[in-house]
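Note: the block below is protein33.cif and it holds mmCIF, C-alpha atoms.
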```cif
data_target
#
loop_
_atom_site.label_atom_id
_atom_site.label_comp_id
_atom_site.auth_asym_id
_atom_site.auth_seq_id
_atom_site.Cartn_x
_atom_site.Cartn_y
_atom_site.Cartn_z
CA MET A 23 -2.40 -11.56 -23.62
CA SER A 24 -3.53 -8.06 -22.68
CA PRO A 25 -5.19 -7.42 -19.30
CA SER A 26 -8.59 -7.59 -20.91
CA GLN A 27 -7.75 -11.01 -22.34
CA SER A 28 -6.04 -12.62 -19.34
CA ALA A 29 -8.01 -15.32 -17.62
CA SER A 30 -6.29 -14.91 -14.27
CA PHE A 31 -3.67 -12.92 -12.43
CA LEU A 32 -0.36 -14.73 -11.94
CA HIS A 33 1.58 -14.16 -8.73
CA VAL A 34 5.13 -15.50 -9.02
CA GLU A 35 7.94 -15.54 -6.44
CA ASP A 36 10.38 -17.99 -8.01
CA LEU A 37 12.32 -17.27 -11.19
CA ASP A 38 12.71 -21.01 -11.78
CA ALA A 39 8.93 -21.29 -11.92
CA PHE A 40 8.31 -18.29 -14.15
CA PRO A 41 5.21 -19.18 -16.21
CA GLU A 42 5.16 -19.41 -19.97
CA ASP A 43 2.05 -17.22 -20.01
CA LEU A 44 4.10 -14.20 -18.93
CA LYS A 45 7.19 -14.79 -21.07
CA GLY A 46 7.80 -12.30 -23.85
CA GLY A 47 5.89 -9.72 -21.87
CA ILE A 48 6.11 -6.07 -21.02
CA VAL A 49 7.57 -5.68 -17.54
CA ALA A 50 7.14 -2.69 -15.22
CA ILE A 51 10.05 -2.76 -12.77
CA GLY A 52 10.11 -1.03 -9.40
CA ASN A 53 9.64 -1.35 -5.68
CA PHE A 54 6.04 -0.08 -5.89
CA ASP A 55 5.55 0.38 -2.13
CA GLY A 56 2.11 1.92 -1.86
CA VAL A 57 1.41 1.60 -5.60
CA HIS A 58 0.87 5.37 -5.51
CA ARG A 59 0.17 7.77 -8.37
CA GLY A 60 3.84 7.90 -9.38
CA HIS A 61 4.01 4.11 -9.52
CA ARG A 62 0.80 3.95 -11.49
CA ALA A 63 2.29 6.24 -14.13
CA VAL A 64 4.86 3.47 -14.70
CA LEU A 65 2.21 0.76 -14.65
CA ASP A 66 -0.07 2.73 -16.98
CA ALA A 67 2.77 3.20 -19.45
CA ALA A 68 3.31 -0.56 -19.49
CA LEU A 69 -0.41 -1.23 -19.86
CA GLY A 70 -0.60 1.29 -22.70
CA LEU A 71 2.19 -0.50 -24.55
CA GLY A 72 0.39 -3.81 -24.09
CA HIS A 73 -3.00 -2.55 -25.21
CA GLY A 74 -4.18 -4.30 -28.32
CA THR A 75 -1.17 -6.63 -28.46
CA HIS A 76 -0.63 -10.25 -27.50
CA HIS A 77 2.02 -9.29 -24.95
CA PRO A 78 1.26 -9.90 -21.28
CA VAL A 79 1.94 -7.00 -18.92
CA PHE A 80 3.38 -7.74 -15.50
CA ALA A 81 5.25 -6.06 -12.67
CA MET A 82 8.61 -7.03 -11.22
CA SER A 83 9.09 -5.95 -7.63
CA PHE A 84 11.28 -6.78 -4.66
CA GLU A 85 10.84 -7.69 -0.98
CA PRO A 86 11.91 -6.64 1.53
CA HIS A 87 12.74 -3.00 0.84
CA PRO A 88 16.45 -2.59 -0.08
CA ARG A 89 16.93 0.00 2.68
CA THR A 90 15.67 -2.56 5.21
CA VAL A 91 18.17 -5.14 3.94
CA PHE A 92 21.13 -2.77 4.22
CA ASN A 93 19.99 -1.12 7.47
CA PRO A 94 17.92 -3.74 9.32
CA SER A 95 17.95 -1.72 12.56
CA LYS A 96 15.80 0.88 10.79
CA PRO A 97 13.32 -1.07 8.65
CA VAL A 98 11.24 0.84 6.14
CA TYR A 99 7.54 0.78 7.03
CA ARG A 100 5.63 -0.78 4.15
CA LEU A 101 2.59 1.19 3.03
CA THR A 102 1.49 -1.98 1.27
CA PRO A 103 2.94 -5.20 2.74
CA PRO A 104 3.63 -7.86 0.07
CA PRO A 105 0.11 -9.40 -0.07
CA LEU A 106 -1.54 -5.98 -0.36
CA LYS A 107 0.97 -4.80 -2.93
CA VAL A 108 0.23 -7.83 -5.08
CA GLU A 109 -3.49 -7.18 -4.74
CA MET A 110 -3.01 -3.54 -5.74
CA LEU A 111 -1.07 -4.59 -8.84
CA LYS A 112 -3.92 -6.89 -9.76
CA VAL A 113 -6.50 -4.13 -9.25
CA CYS A 114 -4.43 -1.92 -11.57
CA GLY A 115 -5.14 -4.37 -14.39
CA LEU A 116 -1.87 -6.23 -14.81
CA ASP A 117 -1.62 -9.85 -15.87
CA GLY A 118 0.79 -10.79 -13.13
CA ALA A 119 3.41 -9.84 -10.57
CA LEU A 120 6.88 -11.26 -10.06
CA ILE A 121 8.01 -10.56 -6.48
CA LEU A 122 11.69 -11.37 -6.07
CA PRO A 123 13.42 -11.77 -2.70
CA PHE A 124 15.85 -8.90 -2.21
CA THR A 125 19.04 -9.99 -0.46
CA ARG A 126 22.61 -8.73 -0.27
CA ASP A 127 23.56 -11.43 -2.78
CA PHE A 128 20.83 -10.31 -5.15
CA ALA A 129 21.97 -6.70 -4.78
CA GLY A 130 25.48 -7.81 -5.75
CA ILE A 131 24.47 -9.10 -9.18
CA GLU A 132 26.26 -7.22 -11.94
CA ALA A 133 23.96 -5.05 -14.04
CA ASN A 134 24.78 -6.94 -17.23
CA ALA A 135 24.00 -10.26 -15.51
CA PHE A 136 20.64 -8.90 -14.33
CA VAL A 137 19.80 -7.99 -17.92
CA GLN A 138 21.15 -11.16 -19.53
CA ASN A 139 20.17 -13.80 -16.98
CA ILE A 140 16.88 -12.41 -15.69
CA LEU A 141 15.34 -10.02 -18.22
CA ILE A 142 16.41 -11.87 -21.37
CA GLU A 143 17.00 -15.55 -20.61
CA THR A 144 14.40 -16.12 -17.87
CA LEU A 145 11.67 -13.58 -18.62
CA GLY A 146 12.28 -13.11 -22.33
CA ILE A 147 10.89 -9.59 -22.11
CA SER A 148 9.83 -7.58 -25.14
CA HIS A 149 9.83 -4.25 -23.30
CA ALA A 150 10.88 -2.83 -19.92
CA VAL A 151 9.27 0.16 -18.24
CA THR A 152 10.81 1.84 -15.20
CA GLY A 153 10.73 5.12 -13.35
CA TYR A 154 13.35 7.81 -13.83
CA ASP A 155 15.06 6.94 -10.52
CA PHE A 156 15.20 3.14 -10.83
CA HIS A 157 18.66 1.59 -10.45
CA PHE A 158 19.67 -2.05 -10.34
CA GLY A 159 22.71 -4.27 -10.02
CA LYS A 160 25.92 -4.06 -8.04
CA ALA A 161 26.75 -0.52 -6.86
CA ARG A 162 23.59 0.65 -8.65
CA GLN A 163 25.36 0.32 -12.00
CA GLY A 164 22.09 -0.25 -13.79
CA THR A 165 20.95 3.30 -14.48
CA PRO A 166 18.05 4.25 -16.76
CA ASP A 167 20.60 5.13 -19.49
CA TYR A 168 22.29 1.75 -19.05
CA LEU A 169 18.95 0.00 -19.44
CA ARG A 170 18.24 1.95 -22.64
CA MET A 171 21.61 0.90 -24.09
CA ALA A 172 21.06 -2.71 -23.03
CA GLY A 173 17.66 -2.73 -24.70
CA ALA A 174 19.11 -1.36 -27.93
CA GLU A 175 21.84 -4.00 -27.84
CA HIS A 176 19.64 -6.98 -27.01
CA GLY A 177 16.48 -6.06 -28.91
CA PHE A 178 13.94 -5.15 -26.26
CA GLY A 179 12.21 -1.82 -25.88
CA VAL A 180 12.76 0.50 -22.92
CA THR A 181 10.52 3.25 -21.61
CA ILE A 182 11.67 5.52 -18.78
CA VAL A 183 8.80 7.33 -17.09
CA GLN A 184 9.61 10.77 -15.75
CA ARG A 185 8.79 11.89 -12.21
CA GLU A 186 5.13 12.26 -11.36
CA GLU A 187 4.33 15.46 -9.50
CA ASP A 188 1.39 16.49 -7.38
CA GLU A 189 -0.66 19.63 -7.85
CA GLY A 190 2.01 21.62 -6.00
CA ALA A 191 4.74 20.45 -8.40
CA GLU A 192 6.35 18.24 -5.74
CA VAL A 193 7.42 14.71 -6.61
CA ILE A 194 5.10 11.94 -5.45
CA SER A 195 6.98 9.40 -3.34
CA SER A 196 6.40 6.71 -0.72
CA THR A 197 8.53 8.72 1.70
CA ARG A 198 6.25 11.76 1.39
CA ILE A 199 3.24 9.54 2.01
CA ARG A 200 4.78 8.04 5.14
CA ASP A 201 5.67 11.53 6.34
CA SER A 202 2.11 12.72 5.69
CA LEU A 203 0.68 9.86 7.75
CA ALA A 204 3.07 10.70 10.57
CA GLU A 205 1.96 14.34 10.51
CA GLY A 206 -1.72 13.43 10.56
CA ASP A 207 -2.17 14.88 7.07
CA LEU A 208 -4.30 12.01 5.89
CA ALA A 209 -5.82 14.12 3.12
CA GLN A 210 -2.41 14.63 1.55
CA ALA A 211 -1.37 11.00 2.02
CA ASN A 212 -4.53 9.79 0.32
CA ALA A 213 -4.20 12.38 -2.45
CA LEU A 214 -0.65 11.21 -3.20
CA LEU A 215 -1.75 7.58 -3.16
CA GLY A 216 -4.81 8.28 -5.27
CA TYR A 217 -6.86 6.06 -2.96
CA ARG A 218 -7.65 5.82 0.75
CA TRP A 219 -4.72 4.23 2.57
CA PHE A 220 -5.68 0.93 4.14
CA PHE A 221 -4.24 -1.89 6.18
CA GLU A 222 -5.29 -5.34 7.34
CA ALA A 223 -5.10 -6.72 10.88
CA THR A 224 -6.71 -9.44 12.99
CA VAL A 225 -9.14 -8.59 15.79
CA GLU A 226 -7.68 -9.37 19.21
CA HIS A 227 -9.16 -9.49 22.69
CA GLY A 228 -8.78 -6.28 24.69
CA ASP A 229 -9.87 -5.00 28.08
CA LYS A 230 -13.47 -4.57 26.80
CA ARG A 231 -13.63 -1.09 28.30
CA GLY A 232 -15.30 0.26 25.17
CA ARG A 233 -18.27 -2.01 25.79
CA ASP A 234 -18.79 -0.37 29.21
CA LEU A 235 -18.68 3.06 27.55
CA GLY A 236 -21.33 2.12 24.99
CA TYR A 237 -18.74 1.90 22.21
CA PRO A 238 -17.66 -1.75 21.81
CA THR A 239 -14.52 -1.74 19.69
CA ALA A 240 -12.50 -4.20 17.66
CA ASN A 241 -8.87 -4.09 18.79
CA LEU A 242 -6.25 -4.29 16.04
CA HIS A 243 -2.51 -4.49 16.57
CA MET A 244 -0.39 -2.30 14.29
CA SER A 245 3.30 -2.93 13.66
CA ASN A 246 5.66 -1.04 15.96
CA ASP A 247 7.10 0.98 13.08
CA CYS A 248 3.74 2.25 11.81
CA PRO A 249 4.20 6.02 11.31
CA LEU A 250 0.50 6.90 11.57
CA LEU A 251 -0.17 9.84 13.89
CA GLN A 252 -2.10 8.80 16.96
CA GLY A 253 -5.62 10.19 16.97
CA ILE A 254 -9.21 9.69 15.86
CA TYR A 255 -10.18 8.69 12.32
CA ALA A 256 -13.26 8.13 10.18
CA VAL A 257 -12.91 4.72 8.55
CA LYS A 258 -14.54 2.25 6.21
CA VAL A 259 -14.04 -1.35 7.27
CA LYS A 260 -14.46 -4.60 5.37
CA THR A 261 -15.47 -7.57 7.53
CA GLU A 262 -16.40 -11.13 6.64
CA THR A 263 -20.02 -10.02 6.33
CA GLY A 264 -19.47 -6.84 4.32
CA TRP A 265 -18.61 -3.16 4.59
CA PHE A 266 -19.28 -0.92 7.58
CA ASP A 267 -18.64 2.74 8.34
CA GLY A 268 -16.96 3.50 11.61
CA VAL A 269 -14.79 5.66 13.81
CA ALA A 270 -11.39 4.58 15.10
CA SER A 271 -8.95 5.55 17.80
CA TYR A 272 -5.24 4.93 17.38
CA GLY A 273 -3.15 5.46 20.47
CA ARG A 274 -2.50 4.67 24.13
CA ARG A 275 -5.88 5.53 25.72
CA PRO A 276 -4.47 8.32 27.95
CA THR A 277 -7.76 8.79 29.82
CA PHE A 278 -7.34 5.32 31.32
CA ASP A 279 -3.89 3.77 31.22
CA SER A 280 -1.58 5.16 28.51
CA GLY A 281 -0.76 1.54 27.72
CA ALA A 282 0.44 -0.12 24.54
CA VAL A 283 -0.51 1.52 21.26
CA VAL A 284 -3.63 -0.07 19.77
CA PHE A 285 -5.98 0.66 16.89
CA GLU A 286 -9.59 0.42 18.12
CA VAL A 287 -12.49 0.48 15.66
CA PHE A 288 -16.14 1.10 16.47
CA LEU A 289 -18.40 0.01 13.60
CA PHE A 290 -21.69 1.82 13.13
CA ASP A 291 -24.81 -0.33 12.95
CA PHE A 292 -22.91 -3.57 13.56
CA THR A 293 -23.85 -6.41 15.85
CA GLY A 294 -21.91 -9.61 16.22
CA ASP A 295 -18.52 -11.04 17.09
CA LEU A 296 -15.38 -9.99 15.23
CA TYR A 297 -12.75 -11.84 17.29
CA GLY A 298 -10.21 -13.58 15.11
CA GLN A 299 -11.45 -11.92 11.93
CA SER A 300 -9.05 -10.14 9.61
CA LEU A 301 -10.39 -6.65 8.96
CA ARG A 302 -9.46 -4.30 6.16
CA VAL A 303 -9.50 -0.71 7.38
CA HIS A 304 -9.53 2.24 4.96
CA LEU A 305 -8.73 5.59 6.57
CA VAL A 306 -11.02 8.30 5.20
CA SER A 307 -10.30 11.35 7.36
CA HIS A 308 -8.36 12.42 10.43
CA LEU A 309 -10.79 13.94 12.93
CA ARG A 310 -8.57 15.04 15.83
CA GLY A 311 -5.53 14.15 17.88
CA GLU A 312 -5.53 11.88 20.90
CA GLU A 313 -6.64 13.62 24.11
CA LYS A 314 -6.88 12.87 27.82
CA PHE A 315 -10.28 13.52 29.41
CA GLU A 316 -11.03 14.23 33.04
CA SER A 317 -13.80 11.65 33.25
CA ALA A 318 -15.42 8.78 31.39
CA GLU A 319 -18.50 10.97 30.89
CA ALA A 320 -16.45 13.66 29.15
CA LEU A 321 -14.86 11.01 26.95
CA ILE A 322 -18.26 9.55 26.01
CA ALA A 323 -19.55 13.01 25.07
CA GLN A 324 -16.54 13.51 22.80
CA MET A 325 -16.97 10.05 21.30
CA ASP A 326 -20.55 10.99 20.45
CA ARG A 327 -19.26 14.09 18.63
CA ASP A 328 -16.55 12.06 16.89
CA SER A 329 -19.13 9.55 15.67
CA GLU A 330 -21.34 12.31 14.31
CA GLU A 331 -18.40 13.90 12.50
CA ALA A 332 -17.26 10.54 11.13
CA ARG A 333 -20.73 9.73 9.82
CA ALA A 334 -20.84 13.10 8.05
CA ALA A 335 -17.44 12.52 6.43
CA LEU A 336 -18.38 9.01 5.32
CA ASN A 337 -21.80 10.02 4.03
CA SER A 338 -20.17 12.54 1.68
CA LEU A 339 -17.43 10.16 0.56
CA GLN A 340 -16.46 10.36 -3.11
CA PRO A 341 -13.89 8.07 -4.76
CA LEU A 342 -10.50 9.64 -5.38
CA SER A 343 -9.92 7.57 -8.51
CA GLU A 344 -11.05 4.48 -10.34
CA ILE A 345 -8.65 2.48 -8.15
CA ASP A 346 -10.19 3.95 -4.99
CA MET A 347 -13.65 3.12 -6.31
CA LYS A 348 -12.68 -0.51 -6.92
CA LEU A 349 -10.99 -0.89 -3.53
CA LEU A 350 -13.98 0.52 -1.65
CA ASP A 351 -16.64 -1.16 -3.82
CA LEU A 352 -18.07 2.29 -4.53
CA ALA A 353 -20.15 3.44 -7.46
CA LEU A 354 -19.47 6.74 -9.18
#
```
Once you've parsed the file, please lay out its structure as structure tokens.
Amino acid sequence: MSPSQSASFLHVEDLDAFPEDLKGGIVAIGNFDGVHRGHRAVLDAALGLGHGTHHPVFAMSFEPHPRTVFNPSKPVYRLTPPPLKVEMLKVCGLDGALILPFTRDFAGIEANAFVQNILIETLGISHAVTGYDFHFGKARQGTPDYLRMAGAEHGFGVTIVQREEDEGAEVISSTRIRDSLAEGDLAQANALLGYRWFFEATVEHGDKRGRDLGYPTANLHMSNDCPLLQGIYAVKVKTETGWFDGVASYGRRPTFDSGAVVFEVFLFDFTGDLYGQSLRVHLVSHLRGEEKFESAEALIAQMDRDSEEARAALNSLQPLSEIDMKLLDLAL
């Protein structure tokens, strides 16, 4: 069952309920936070092996992030929370995704037990594909070389994908992407992802000050550990009624109250009520940092300039990849 043949995408979170349709398949194993270009090299290798065969191709991933489990006081910000990661894996063309709960007990499984009990007996894999830095099992015993030897012993193929580098010969990683977002280098973050970074959040009631300024905004709460640099962004937003271009402010509104951090979106050419809706926000470009203005009039004048700049950036938008095109419903 290649991706072109599969009738539906299978999302599985319980090994005891692993479907027959995915057994005997080609599994891409990894954390896949962000499903960035490096991850997609692993996924593409798996898809290439499955092309023209009857073998299903699926991903095995883990939640929460292992570093969060072992250091819960410093959780790792997820570029793609579980539902979005699953959606990204589907967009990439896989037949399914197995998302396993990562716990201390799971981390303590011996490497040979992981291979025998999970890969062979439960999944019945025909081939495993991982990145060069993937380790599994107690004390990280399961190295890429160990997996190769296990495959040779038990009769399944193993492909280890080497590190994927950017145009500057630096390795592509989720950490670099998080760092780029924190530095306001959205262009680099998106380039490493190979698509415009996006998030989902529900519209909440705010102080409605934007309405008085002529810029009614949708207020979205971001998680406290979001690394995104506070500032002004050009965005594309998916609502219940379709796509809209817009401009967004992420920060504490220093001109007025320097209150709690909030993501406020103004949608161009939109009328209606967004309260309670879940919006999907794709960040296209970083326009400027957050500033404090001496008056509401000065702020409005700057917002006018921001809107003009955002419109220009969005009008010239070109997809970064086929994945970006699919996510944004764009046409090449």
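Listed by chain and then by number, the residues chosen by the PyMOL selection byres ((chain A and resi 49) around 8) in this file are Gly47, Ile48, Ala50, Ile51, Ala68, Val79, Phe80, Ala81, Met82, Ile147, His149, Ala150 and Val151 of chain A.
With distances restricted to only C-alpha atoms, A:Leu309 is the closest residue to Tyr255 of chain A from A:Glu286, A:Leu111, A:Gly228, A:Leu309.
If you look at atom CA of Val91 of chain A and atom CA of Ala63 of chain A, they are 26.6 Å away from each other.
Note that atom CA of Arg100 of chain A and atom CA of Gly56 of chain A are 7.5 Å apart.
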- Message: Show me the residues around (-16.9, 3.9, 2.4) - criterion: an atom at most 7 Å away, only C-alpha atoms counted - as a PyMOL selection string.
- Response: chain A and resi 258+267+336+339+350
- Task: In the coordinates of the file, take the point (4.8, -10.0, -1.1) and a cut-off of 12 Å; then, counting all atoms listed in the file, name each qualifying protein, DNA or RNA residue as an MDAnalysis selection string.
- Result: chainID A and resid 33:36 53:55 82:87 100 102:111 119:124
List the residues selected by the PyMOL selection byres ((chain A and resi 323-334) around 12) in the file shown, writing them as a PDB file with C-alpha atoms, in the frame of the given file.
```pdb
ATOM      1  CA  GLY A 232     -15.300   0.260  25.170  1.00  0.00           C
ATOM      2  CA  LEU A 235     -18.680   3.060  27.550  1.00  0.00           C
ATOM      3  CA  GLY A 236     -21.330   2.120  24.990  1.00  0.00           C
ATOM      4  CA  TYR A 237     -18.740   1.900  22.210  1.00  0.00           C
ATOM      5  CA  PRO A 238     -17.660  -1.750  21.810  1.00  0.00           C
ATOM      6  CA  GLY A 253      -5.620  10.190  16.970  1.00  0.00           C
ATOM      7  CA  ILE A 254      -9.210   9.690  15.860  1.00  0.00           C
ATOM      8  CA  TYR A 255     -10.180   8.690  12.320  1.00  0.00           C
ATOM      9  CA  ALA A 256     -13.260   8.130  10.180  1.00  0.00           C
ATOM     10  CA  VAL A 257     -12.910   4.720   8.550  1.00  0.00           C
ATOM     11  CA  LYS A 258     -14.540   2.250   6.210  1.00  0.00           C
ATOM     12  CA  PHE A 266     -19.280  -0.920   7.580  1.00  0.00           C
ATOM     13  CA  ASP A 267     -18.640   2.740   8.340  1.00  0.00           C
ATOM     14  CA  GLY A 268     -16.960   3.500  11.610  1.00  0.00           C
ATOM     15  CA  VAL A 269     -14.790   5.660  13.810  1.00  0.00           C
ATOM     16  CA  ALA A 270     -11.390   4.580  15.100  1.00  0.00           C
ATOM     17  CA  SER A 271      -8.950   5.550  17.800  1.00  0.00           C
ATOM     18  CA  VAL A 287     -12.490   0.480  15.660  1.00  0.00           C
ATOM     19  CA  PHE A 288     -16.140   1.100  16.470  1.00  0.00           C
ATOM     20  CA  LEU A 289     -18.400   0.010  13.600  1.00  0.00           C
ATOM     21  CA  PHE A 290     -21.690   1.820  13.130  1.00  0.00           C
ATOM     22  CA  ASP A 291     -24.810  -0.330  12.950  1.00  0.00           C
ATOM     23  CA  LEU A 305      -8.730   5.590   6.570  1.00  0.00           C
ATOM     24  CA  VAL A 306     -11.020   8.300   5.200  1.00  0.00           C
ATOM     25  CA  SER A 307     -10.300  11.350   7.360  1.00  0.00           C
ATOM     26  CA  HIS A 308      -8.360  12.420  10.430  1.00  0.00           C
ATOM     27  CA  LEU A 309     -10.790  13.940  12.930  1.00  0.00           C
ATOM     28  CA  ARG A 310      -8.570  15.040  15.830  1.00  0.00           C
ATOM     29  CA  GLY A 311      -5.530  14.150  17.880  1.00  0.00           C
ATOM     30  CA  GLU A 312      -5.530  11.880  20.900  1.00  0.00           C
ATOM     31  CA  GLU A 313      -6.640  13.620  24.110  1.00  0.00           C
ATOM     32  CA  LYS A 314      -6.880  12.870  27.820  1.00  0.00           C
ATOM     33  CA  PHE A 315     -10.280  13.520  29.410  1.00  0.00           C
ATOM     34  CA  GLU A 316     -11.030  14.230  33.040  1.00  0.00           C
ATOM     35  CA  SER A 317     -13.800  11.650  33.250  1.00  0.00           C
ATOM     36  CA  ALA A 318     -15.420   8.780  31.390  1.00  0.00           C
ATOM     37  CA  GLU A 319     -18.500  10.970  30.890  1.00  0.00           C
ATOM     38  CA  ALA A 320     -16.450  13.660  29.150  1.00  0.00           C
ATOM     39  CA  LEU A 321     -14.860  11.010  26.950  1.00  0.00           C
ATOM     40  CA  ILE A 322     -18.260   9.550  26.010  1.00  0.00           C
ATOM     41  CA  ALA A 335     -17.440  12.520   6.430  1.00  0.00           C
ATOM     42  CA  LEU A 336     -18.380   9.010   5.320  1.00  0.00           C
ATOM     43  CA  ASN A 337     -21.800  10.020   4.030  1.00  0.00           C
ATOM     44  CA  SER A 338     -20.170  12.540   1.680  1.00  0.00           C
ATOM     45  CA  LEU A 339     -17.430  10.160   0.560  1.00  0.00           C
TER      46      LEU A 339
END
```
